[in-house]
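Trainee: Okay, here's the structure, questions in a sec.
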Amino acid sequence: MSNKTNAMRMLDKQKIVYDILTYDVGDGMINGIAVAEKINKSQEVVFKTLVAYREKSLYVFVIPVAEELDLKKAAKAAGEKKLEMLPVKELQKWTGYIRGGCSPVGMKKNYSTFIDRHANGLKKIVVSAGKIGMQIEIEPQLLAKCVAAKFLELTK
């Protein structure tokens with residue numbers, strides 16, 4: 001598959017090793033739990049990318065698909081009093097990605113990124129490749145290095 005996403009091009013540029021996993025999107029089931037099943041991975045290793053904001057600052061959070069982002073912990077991680085989730089309709093404008101295909105790698109800007117600490121104990125995690133139907137499997141430390149992310153407690 002030669003049509004690489006921004007995320008893949010960025011990882012290639014930094015010579016970071018990853019695997020590409022693809023799944024069928026014909027049934028419209030693109031939520032993280034469905035994706036984990038389709039790529040035959042446990043929900044613990046498949047992560048979703050969420051974007052929250054305060055005023056003009058955006059923050060990226062990478063958490064397990066079955067978990068919920070704790071906005072209080074997220075705000076603390078970001079050094080903000082309070083954060084709100086970025087509305088889905090604003091996602092593409094700010095990140096270049098759409099819902100279901102939002103990768104922590106290769107956004108329009110380098111936003112402060114935080115990865116749930118559970119990822120740190122895993123050999124590999126799976127995140128979106130930046131396109132619906134494609135995922136990247138990568139070592140969490142390499143992902144963190146690529147996007148200058150910190151590992152913190154982020155879920156409820």
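Chain lettering (A, B, ...) mirrors the order of the structure tokens, residue numbering begins at 1 for each chain separately, and ligand numbering begins at 1 in order of display.
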What's around stretch 77-84 of chain A at 7 Å? Count only C-alpha atoms, leave out sequence neighbours fewer than 5 positions away in its own chain, and write the answer as a list in words.

Mentor: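 Everything that qualifies: Ala52, Tyr53, Arg54, Leu71 and Lys72 of chain A.
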
Trainee: What residues in chain A get the DSSP label helix (DSSP H, G or I)? Please answer as a count of residues only.

Mentor: 44

Trainee: Taking only C-alpha atoms into account, name the residue in A:Glu139, A:Asp12, A:Asp116, A:Asp19 that is nearest to A:Leu69.

Mentor: A:Asp116

Trainee: Atom CA of A:Lys123 and atom CA of A:Arg99 are how many Å apart?

Mentor: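 Atom-to-atom, atom CA of A:Lys123 and atom CA of A:Arg99 are spaced 26.3 Å apart.
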
Trainee: List as a list in words the protein and nucleic acid residues near A:Met8, meaning an atom at most 9 Å away when only C-alpha atoms are counted, but skip any in the same chain fewer than 2 places from it.

Mentor: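 That gives Lys4, Thr5, Asn6, Met10, Leu11, Asp12, Lys13, Tyr18, Ile20, Val105, Gly106, Ala129, Gly130 and Ile136 of chain A.
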
Trainee: Limited to C-alpha atoms, could you put the picked residues into a file as an mmCIF file, in the first residue's frame?

Mentor:
```cif
data_model
loop_
_atom_site.group_PDB
_atom_site.id
_atom_site.type_symbol
_atom_site.label_atom_id
_atom_site.label_comp_id
_atom_site.auth_asym_id
_atom_site.auth_seq_id
_atom_site.Cartn_x
_atom_site.Cartn_y
_atom_site.Cartn_z
ATOM 1 C CA LYS A 4 0.959 6.644 3.088
ATOM 2 C CA THR A 5 -0.749 8.899 5.577
ATOM 3 C CA ASN A 6 0.894 11.959 7.151
ATOM 4 C CA MET A 10 6.389 11.397 9.820
ATOM 5 C CA LEU A 11 7.344 8.074 11.399
ATOM 6 C CA ASP A 12 9.336 7.117 8.284
ATOM 7 C CA LYS A 13 11.155 10.455 8.373
ATOM 8 C CA TYR A 18 5.798 0.491 12.954
ATOM 9 C CA ILE A 20 0.309 -1.104 9.402
ATOM 10 C CA VAL A 105 1.172 11.650 14.748
ATOM 11 C CA GLY A 106 1.184 14.100 11.851
ATOM 12 C CA ALA A 129 -2.722 5.782 11.096
ATOM 13 C CA GLY A 130 -4.620 8.958 10.254
ATOM 14 C CA ILE A 136 -0.363 1.759 13.261
#
```

Trainee: From a DSSP pass on the backbone, collect the residues of chain A flagged as strand (DSSP E) and hand them back as an MDAnalysis selection string.

Mentor: chainID A and resid 19:22 47:54 57:64 84:85 112:116 125:131 134:138 150:152
